[in-house]
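Enquirer: Following this message is one structure expressed as structure tokens.
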Amino acid sequence: MQRWLKFVKYLPDFGIQPIVYIPENPNYPLLDEKLISDVNEKAIILKNKIFEPYALASVFSKNKTKKISAGIITKDKKQSLVEKMMLWIRGNIFIPDARVFWVKPSVNYLKKYIQENHIETVITTGPPHSLHLIGLALKIELKINWIADFRDPWTTIGYHKELKLSTWAANKHKKWEAEVLNSCDTVLVTSPTTKKEFQALTTRPIEVITNGYDVERVEKKPLDAKFTMAHIGSFLSQRNPQILWESLAELIQENEAFAQHFQLKLIGAVSKEVLQSISDYHLDNYVNNLGYVSHEEALIQQRSSQVLLLIEIDSEETKCIIPGKLFEYMVSERPILAIGPKDSDFESIIKSTNTGVFFQYHEKEALKATVLEQFQQYLNANLKVHAVGLQQYSRKNLTAQLAQLLSSNS
């Protein structure tokens with residue numbers, strides 16, 4: 001959502017009129033009403049009623065529906081019968097996703113609007129990848145320039161294999177993915193690895209425009225008095241960094257000063273598995289769990305924390321994932337401590353901008369040594385970061401890239 005909120009914010013500065021199509025009655029797990037103020041007044045907003053199966057699924061379990069909708073999936077062995085049933089339905093009935101009922105009414109609505117208003121370019125952004133099926137249908141019926149924007153991959157995204165897909169359903173996903181990639185005029189992706197992955201599936205031109213940061217004017221607060229390590233955003237079960245919990249537990253046992261000053265700050269939705277692991281390492285008394293907060297409050301918390309945690313799933317599929325919050329982390333002037341798979345795209349960004357340190361999941365001793373080093377710098381009031389080359393990731397500069405792409409395709 002942030003990606004296109006910001007593109008729409010700046011496109012009029014480049015002489016491009018954004019028209020945004022949204023559902024009138026959506027069902028979303030998390031809402032931040034304050035972000036409405038960021039919607040450009042020049043944007044034309046189209047709304048249309050759609051059917052939302054998540055609203056019906058809430059009858060079985062509102063909490064589990066909300067978590068699955070947000071991408072928080074319990075580990076297989078700990079899933080209840082209701083969870084297993086909901087995941088199977090999500091993966092095998094709703095293809096490509098639970099927003100599939102948006103497709104038909106949206107195509108009917110937009111076809112008429114596009115023809116009457118002589119729209120030149122349609123951009124669809126997923127997930128949910130059902131939106132790409134809207135673009136596919138419009139491309140077949142109308143002479144439009146269609147750009148398919150993939151904020152995340154389709155069949156190789158981390159949670160895809162958790163959906164209990166039948167062979168038929170898995171093949172259906174691959175069929176739709178291939179058809180979208182080979183029918184659009186341009187593919188837009190957020191990382192070099194996704195570009196390389198898609199180049200094996202299509203000969204269509206593929207452009208990389210990463211996510212980025214905006215110039216945010218938020219209340220300036222002093223740094224936390226405690227040595228706070230903050231994770232901001234959804235903390236999924238698969239992102240559970242055992243080496244971090246083990247390192248922190250050992251440092252608490254070995255270093256009295258660390259035990260006195262340390263605090264783990266969690267902001268956003270956190271899975272039960274992550275909380276259980278934290279408890280298993282006896283870290284409960286050091287946790288400040290703030291839950292979901294507004295984007296504005298999240299920025300304040302970022303800039304007042306001592307260290308910012310960035311955790312990605314340890315798998316081949318997640319090398320291409322560049323978390324959107326990375327860019328806000330980078331301009332927060334706080335050091336990033338990142339854990340993820342080898343050769344991750346976000347590893348190279350952190351290193352090239354000098355905004356933090358990156359570890360693989362087996363590098364426990366190096367991780368522990370770095371945390372201790374950061375703690376010593378904190379005690380000496382010298383825990384700082386000296387970032388370089390951040391301007392290329394500003395939302396306005398990224399929108400300039402998009403505007404150039406739109407102009408060259410028109």
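Labels used: A, B, ... for chains in the order of the structure tokens, numbers from 1 for residues in each chain, and numbers from 1 for ligands as shown.
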Report as an NGL selection string all protein, DNA and RNA residues lying within 6 Å of segment 237-241 of chain A, evaluated on only C-alpha atoms, omitting residues in the same chain fewer than 5 positions from it.
Expert: :A and (271 or 273-274 or 312-313)
Enquirer: List the neighbours of Val371 of chain A out to 12 Å using only C-alpha atoms; skip same-chain residues closer than 3 positions along the sequence, and give me the result as number ranges by chain.
Expert: A: 227-229, 243-252, 258, 262, 306-309, 335-338, 356-359, 364-368, 374-378, 383
Enquirer: Output as a PyMOL selection string all residues of segment 177-322 of chain A that backbone DSSP marks as strand (DSSP E or B).
Expert: chain A and resi 186-189+206-208+213+227-232+235+262-267+270+287-291+307-311
Enquirer: Can you pull out the residues contacting Phe198 of chain A? Cut-off 9 Å, using only C-alpha atoms, and skip same-chain residues under 5 positions away; I want them as a PyMOL selection string.
Expert: chain A and resi 153+181+187+193+203+206
Enquirer: With the cut-off set at 9 Å and counting only C-alpha atoms, tabulate each residue of segment 247-366 of chain A with an atom at most that distance from an atom of segment 146-152 of chain A, showing the nearest atom pair and its distance in Å to one decimal, ordered by chain and increasing number, as JSON lines.
Expert:
```
{"residue": "A:Cys320", "atom": "CA", "partner": "A:Asp152", "partner_atom": "CA", "distance": 8.3}
{"residue": "A:Ile321", "atom": "CA", "partner": "A:Asp152", "partner_atom": "CA", "distance": 7.0}
{"residue": "A:Ile322", "atom": "CA", "partner": "A:Asp152", "partner_atom": "CA", "distance": 9.0}
```
Enquirer: Return as JSON lines the residues of segment 129-233 of chain A lying at most 12 Å from segment 108-123 of chain A, together with the closest atom-to-atom pair for each and the distance in Å to one decimal, counting only C-alpha atoms, with rows in chain order and ascending residue number.
Expert:
```
{"residue": "A:Leu131", "atom": "CA", "partner": "A:Ile123", "partner_atom": "CA", "distance": 9.4}
{"residue": "A:His132", "atom": "CA", "partner": "A:Ile123", "partner_atom": "CA", "distance": 8.7}
{"residue": "A:Leu133", "atom": "CA", "partner": "A:Ile123", "partner_atom": "CA", "distance": 11.6}
{"residue": "A:Ile134", "atom": "CA", "partner": "A:Leu110", "partner_atom": "CA", "distance": 9.1}
{"residue": "A:Gly135", "atom": "CA", "partner": "A:Val122", "partner_atom": "CA", "distance": 7.1}
{"residue": "A:Leu136", "atom": "CA", "partner": "A:Val122", "partner_atom": "CA", "distance": 10.2}
{"residue": "A:Ala137", "atom": "CA", "partner": "A:Lys111", "partner_atom": "CA", "distance": 9.3}
{"residue": "A:Leu138", "atom": "CA", "partner": "A:Lys111", "partner_atom": "CA", "distance": 6.7}
{"residue": "A:Lys139", "atom": "CA", "partner": "A:Val122", "partner_atom": "CA", "distance": 8.8}
{"residue": "A:Ile140", "atom": "CA", "partner": "A:Lys111", "partner_atom": "CA", "distance": 10.9}
{"residue": "A:Glu141", "atom": "CA", "partner": "A:Lys111", "partner_atom": "CA", "distance": 8.1}
{"residue": "A:Leu142", "atom": "CA", "partner": "A:Lys111", "partner_atom": "CA", "distance": 7.7}
{"residue": "A:Lys143", "atom": "CA", "partner": "A:Glu120", "partner_atom": "CA", "distance": 8.4}
{"residue": "A:Ile144", "atom": "CA", "partner": "A:Glu120", "partner_atom": "CA", "distance": 5.7}
{"residue": "A:Asn145", "atom": "CA", "partner": "A:Thr121", "partner_atom": "CA", "distance": 4.7}
{"residue": "A:Trp146", "atom": "CA", "partner": "A:Val122", "partner_atom": "CA", "distance": 4.9}
{"residue": "A:Ile147", "atom": "CA", "partner": "A:Ile123", "partner_atom": "CA", "distance": 4.7}
{"residue": "A:Ala148", "atom": "CA", "partner": "A:Ile123", "partner_atom": "CA", "distance": 5.9}
{"residue": "A:Asp149", "atom": "CA", "partner": "A:Ile123", "partner_atom": "CA", "distance": 6.9}
{"residue": "A:Phe150", "atom": "CA", "partner": "A:Ile123", "partner_atom": "CA", "distance": 10.5}
{"residue": "A:Cys184", "atom": "CA", "partner": "A:Ile123", "partner_atom": "CA", "distance": 9.6}
{"residue": "A:Asp185", "atom": "CA", "partner": "A:Thr121", "partner_atom": "CA", "distance": 10.0}
{"residue": "A:Thr186", "atom": "CA", "partner": "A:Ile123", "partner_atom": "CA", "distance": 9.6}
{"residue": "A:Val187", "atom": "CA", "partner": "A:Ile123", "partner_atom": "CA", "distance": 9.8}
{"residue": "A:Leu188", "atom": "CA", "partner": "A:Ile123", "partner_atom": "CA", "distance": 9.5}
```
Enquirer: Could you write those residues out with C-alpha atoms, as a short mmCIF file (atom, residue, chain, number, x, y, z; two decimals), in the first residue's frame?
Expert:
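After the write, again.cif holds the following:
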```cif
data_model
loop_
_atom_site.label_atom_id
_atom_site.label_comp_id
_atom_site.auth_asym_id
_atom_site.auth_seq_id
_atom_site.Cartn_x
_atom_site.Cartn_y
_atom_site.Cartn_z
CA LEU A 131 -5.56 -7.62 -9.43
CA HIS A 132 -3.30 -8.83 -12.24
CA LEU A 133 -6.20 -10.93 -13.53
CA ILE A 134 -8.17 -7.68 -13.79
CA GLY A 135 -5.35 -6.24 -15.89
CA LEU A 136 -5.20 -9.40 -18.00
CA ALA A 137 -8.91 -9.24 -18.83
CA LEU A 138 -8.71 -5.52 -19.66
CA LYS A 139 -5.67 -6.12 -21.89
CA ILE A 140 -7.55 -8.80 -23.83
CA GLU A 141 -10.62 -6.61 -24.37
CA LEU A 142 -9.09 -3.15 -24.82
CA LYS A 143 -6.10 -1.55 -26.53
CA ILE A 144 -4.26 -0.41 -23.42
CA ASN A 145 -0.69 -0.28 -22.21
CA TRP A 146 -0.59 -2.62 -19.19
CA ILE A 147 2.12 -2.62 -16.54
CA ALA A 148 2.05 -5.46 -14.00
CA ASP A 149 3.77 -4.42 -10.76
CA PHE A 150 4.93 -7.22 -8.46
CA CYS A 184 1.43 -7.42 -20.01
CA ASP A 185 3.51 -4.82 -21.86
CA THR A 186 5.98 -4.29 -19.01
CA VAL A 187 6.74 -6.12 -15.77
CA LEU A 188 7.69 -3.95 -12.81
#
```
Enquirer: What separation in Å, quoted to one decimal, exists between atom CA of Lys6 of chain A and atom CA of Asn40 of chain A?
Expert: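 Going from atom CA of Lys6 of chain A over to atom CA of Asn40 of chain A, I get 8.9 Å.
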Enquirer: Please extract the residues of segment 112-228 of chain A with a backbone DSSP assignment of alpha helix (DSSP H) and present them as JSON, numbers by chain.
Expert: {"A": [112, 113, 114, 115, 116, 117, 130, 131, 132, 133, 134, 135, 136, 137, 138, 139, 140, 141, 167, 168, 169, 170, 171, 172, 173, 174, 175, 176, 177, 178, 179, 180, 181, 182, 183, 192, 193, 194, 195, 196, 197, 198, 199]}
Enquirer: Just want the 10 Å neighbourhood of Asp13 of chain A, counted on only C-alpha atoms, with same-chain residues fewer than 3 positions away dropped. Output as JSON, numbers by chain.
Expert: {"A": [8, 9, 10, 16, 17, 396, 399, 400, 403]}
Enquirer: Do you know which residues are at most 8 Å from segment 215-217 of chain A counting only C-alpha atoms, after dropping those on the same chain fewer than 2 positions away, and could you put them as number ranges by chain?
Expert: A: 213, 219, 394
Enquirer: Find the nearest atom pair between each residue of segment 145-230 of chain A and segment 281-301 of chain A for residues within 8 Å, count only C-alpha atoms, give distances in Å to one decimal, sort rows by chain and ascending number, and present the table as JSON lines.
Expert:
```
{"residue": "A:Val218", "atom": "CA", "partner": "A:Ile300", "partner_atom": "CA", "distance": 6.6}
{"residue": "A:Glu219", "atom": "CA", "partner": "A:Ile300", "partner_atom": "CA", "distance": 6.7}
{"residue": "A:Lys220", "atom": "CA", "partner": "A:Ile300", "partner_atom": "CA", "distance": 7.2}
{"residue": "A:Lys221", "atom": "CA", "partner": "A:Ile300", "partner_atom": "CA", "distance": 7.2}
```
Enquirer: Which residues, written as a PyMOL selection string, have at least one atom at most 9 Å from Phe235 of chain A, with only C-alpha atoms counted and residues fewer than 5 positions away on the same chain left out?
Expert: chain A and resi 72+240+266-271+274+311
Enquirer: Excluding Asp345 of chain A and its own-chain neighbours fewer than 5 positions away, which residues fall within 12 Å of it when counting only C-alpha atoms? Please give them as a list in words.
Expert: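 The neighbour list is Thr190, Ser191, Pro192, Thr193, Thr194, Lys195, Lys196, Thr210, Glu312, Glu316, Glu317, Thr318, Lys319, Cys320, Ile321, Ile322, Pro323, Leu326, Gly340, Ile350, Lys351, Ser352 and Phe358 of chain A.
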Enquirer: Take the selection from the previous step and output its residues with N, CA, C and O atoms, as an mmCIF file, in the first residue's frame.
Expert:
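The result, written out as part-v3.cif:
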```
data_model
loop_
_atom_site.group_PDB
_atom_site.id
_atom_site.type_symbol
_atom_site.label_atom_id
_atom_site.label_comp_id
_atom_site.auth_asym_id
_atom_site.auth_seq_id
_atom_site.Cartn_x
_atom_site.Cartn_y
_atom_site.Cartn_z
ATOM 1 N N THR A 190 10.388 -5.149 -7.608
ATOM 2 C CA THR A 190 11.035 -4.359 -6.559
ATOM 3 C C THR A 190 12.459 -4.798 -6.249
ATOM 4 O O THR A 190 13.115 -4.180 -5.411
ATOM 5 N N SER A 191 12.944 -5.867 -6.902
ATOM 6 C CA SER A 191 14.291 -6.344 -6.577
ATOM 7 C C SER A 191 14.964 -6.986 -7.786
ATOM 8 O O SER A 191 14.285 -7.541 -8.659
ATOM 9 N N PRO A 192 16.296 -6.941 -7.845
ATOM 10 C CA PRO A 192 17.025 -7.578 -8.956
ATOM 11 C C PRO A 192 16.812 -9.085 -9.019
ATOM 12 O O PRO A 192 16.763 -9.659 -10.112
ATOM 13 N N THR A 193 16.688 -9.748 -7.871
ATOM 14 C CA THR A 193 16.500 -11.197 -7.869
ATOM 15 C C THR A 193 15.154 -11.582 -8.482
ATOM 16 O O THR A 193 15.061 -12.566 -9.230
ATOM 17 N N THR A 194 14.098 -10.824 -8.181
ATOM 18 C CA THR A 194 12.795 -11.092 -8.796
ATOM 19 C C THR A 194 12.867 -10.887 -10.310
ATOM 20 O O THR A 194 12.287 -11.656 -11.079
ATOM 21 N N LYS A 195 13.596 -9.874 -10.743
ATOM 22 C CA LYS A 195 13.776 -9.657 -12.183
ATOM 23 C C LYS A 195 14.433 -10.875 -12.826
ATOM 24 O O LYS A 195 13.960 -11.381 -13.862
ATOM 25 N N LYS A 196 15.491 -11.360 -12.211
ATOM 26 C CA LYS A 196 16.197 -12.527 -12.749
ATOM 27 C C LYS A 196 15.283 -13.750 -12.777
ATOM 28 O O LYS A 196 15.272 -14.518 -13.748
ATOM 29 N N THR A 210 12.700 -0.107 -6.838
ATOM 30 C CA THR A 210 12.581 -0.584 -5.458
ATOM 31 C C THR A 210 11.552 0.241 -4.696
ATOM 32 O O THR A 210 11.057 1.259 -5.193
ATOM 33 N N GLU A 312 14.471 -11.562 7.946
ATOM 34 C CA GLU A 312 13.786 -12.174 6.801
ATOM 35 C C GLU A 312 13.908 -13.693 6.886
ATOM 36 O O GLU A 312 14.842 -14.226 7.481
ATOM 37 N N GLU A 316 15.670 -19.862 0.109
ATOM 38 C CA GLU A 316 16.078 -19.430 -1.229
ATOM 39 C C GLU A 316 15.064 -18.451 -1.806
ATOM 40 O O GLU A 316 15.433 -17.476 -2.487
ATOM 41 N N GLU A 317 13.781 -18.690 -1.505
ATOM 42 C CA GLU A 317 12.707 -17.871 -2.082
ATOM 43 C C GLU A 317 12.719 -16.427 -1.583
ATOM 44 O O GLU A 317 12.189 -15.540 -2.253
ATOM 45 N N THR A 318 13.283 -16.186 -0.402
ATOM 46 C CA THR A 318 13.191 -14.844 0.182
ATOM 47 C C THR A 318 14.405 -13.970 -0.109
ATOM 48 O O THR A 318 14.479 -12.844 0.382
ATOM 49 N N LYS A 319 15.336 -14.447 -0.912
ATOM 50 C CA LYS A 319 16.486 -13.618 -1.279
ATOM 51 C C LYS A 319 16.058 -12.351 -2.006
ATOM 52 O O LYS A 319 16.723 -11.329 -1.963
ATOM 53 N N CYS A 320 14.922 -12.437 -2.700
ATOM 54 C CA CYS A 320 14.447 -11.308 -3.500
ATOM 55 C C CYS A 320 13.658 -10.292 -2.688
ATOM 56 O O CYS A 320 13.356 -9.201 -3.178
ATOM 57 N N ILE A 321 13.304 -10.650 -1.458
ATOM 58 C CA ILE A 321 12.452 -9.764 -0.666
ATOM 59 C C ILE A 321 13.268 -8.613 -0.077
ATOM 60 O O ILE A 321 14.243 -8.825 0.646
ATOM 61 N N ILE A 322 12.866 -7.392 -0.416
ATOM 62 C CA ILE A 322 13.457 -6.199 0.190
ATOM 63 C C ILE A 322 12.351 -5.550 1.013
ATOM 64 O O ILE A 322 11.483 -4.882 0.464
ATOM 65 N N PRO A 323 12.325 -5.767 2.328
ATOM 66 C CA PRO A 323 11.235 -5.233 3.146
ATOM 67 C C PRO A 323 11.093 -3.720 2.979
ATOM 68 O O PRO A 323 12.089 -2.986 2.993
ATOM 69 N N LEU A 326 12.818 -1.291 5.319
ATOM 70 C CA LEU A 326 14.268 -1.103 5.250
ATOM 71 C C LEU A 326 14.609 0.343 4.940
ATOM 72 O O LEU A 326 15.515 0.928 5.551
ATOM 73 N N GLY A 340 19.199 -12.742 7.613
ATOM 74 C CA GLY A 340 18.484 -13.271 6.457
ATOM 75 C C GLY A 340 19.320 -14.292 5.703
ATOM 76 O O GLY A 340 20.419 -14.653 6.129
ATOM 77 N N ILE A 350 22.001 -2.656 2.407
ATOM 78 C CA ILE A 350 22.499 -2.256 3.727
ATOM 79 C C ILE A 350 24.000 -1.988 3.682
ATOM 80 O O ILE A 350 24.496 -0.981 4.218
ATOM 81 N N LYS A 351 24.735 -2.861 3.008
ATOM 82 C CA LYS A 351 26.192 -2.711 2.954
ATOM 83 C C LYS A 351 26.600 -1.514 2.107
ATOM 84 O O LYS A 351 27.506 -0.763 2.469
ATOM 85 N N SER A 352 25.932 -1.309 0.962
ATOM 86 C CA SER A 352 26.318 -0.210 0.067
ATOM 87 C C SER A 352 25.971 1.157 0.655
ATOM 88 O O SER A 352 26.618 2.153 0.321
ATOM 89 N N PHE A 358 24.740 -7.214 8.534
ATOM 90 C CA PHE A 358 23.894 -8.320 8.085
ATOM 91 C C PHE A 358 24.524 -9.644 8.496
ATOM 92 O O PHE A 358 25.736 -9.828 8.391
#
```
Enquirer: What does the distance between atom CA of Glu328 of chain A and atom CA of Leu11 of chain A come to in Å, to one decimal place?
Expert: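 Separation between atom CA of Glu328 of chain A and atom CA of Leu11 of chain A: 20.5 Å.
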Enquirer: If you measure from atom CA of Pro23 of chain A to atom CA of His129 of chain A, what distance in Å do you get, rounded to one decimal?
Expert: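 These atoms are spaced 14.9 Å apart.
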Enquirer: Pick from A:Leu275, A:Leu398, A:Ile349, A:Val331: nearest to Trp4 of chain A, with only C-alpha atoms counted?
Expert: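 Distance minimum relative to Trp4 of chain A lands on A:Leu398.
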Enquirer: Closest to Arg99 of chain A among A:Asp224, A:Glu373, A:Glu52, A:Asp214, using only C-alpha atoms?
Expert: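 That would be A:Glu52, the residue with the smallest distance to Arg99 of chain A.
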Enquirer: Rank A:Glu41, A:Glu363, A:Asp97, A:Asp314 by their smallest atom-to-atom distance to Pro341 of chain A, using only C-alpha atoms, and report the top residue only.
Expert: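 Using only C-alpha atoms, the shortest distance to Pro341 of chain A belongs to A:Asp314.
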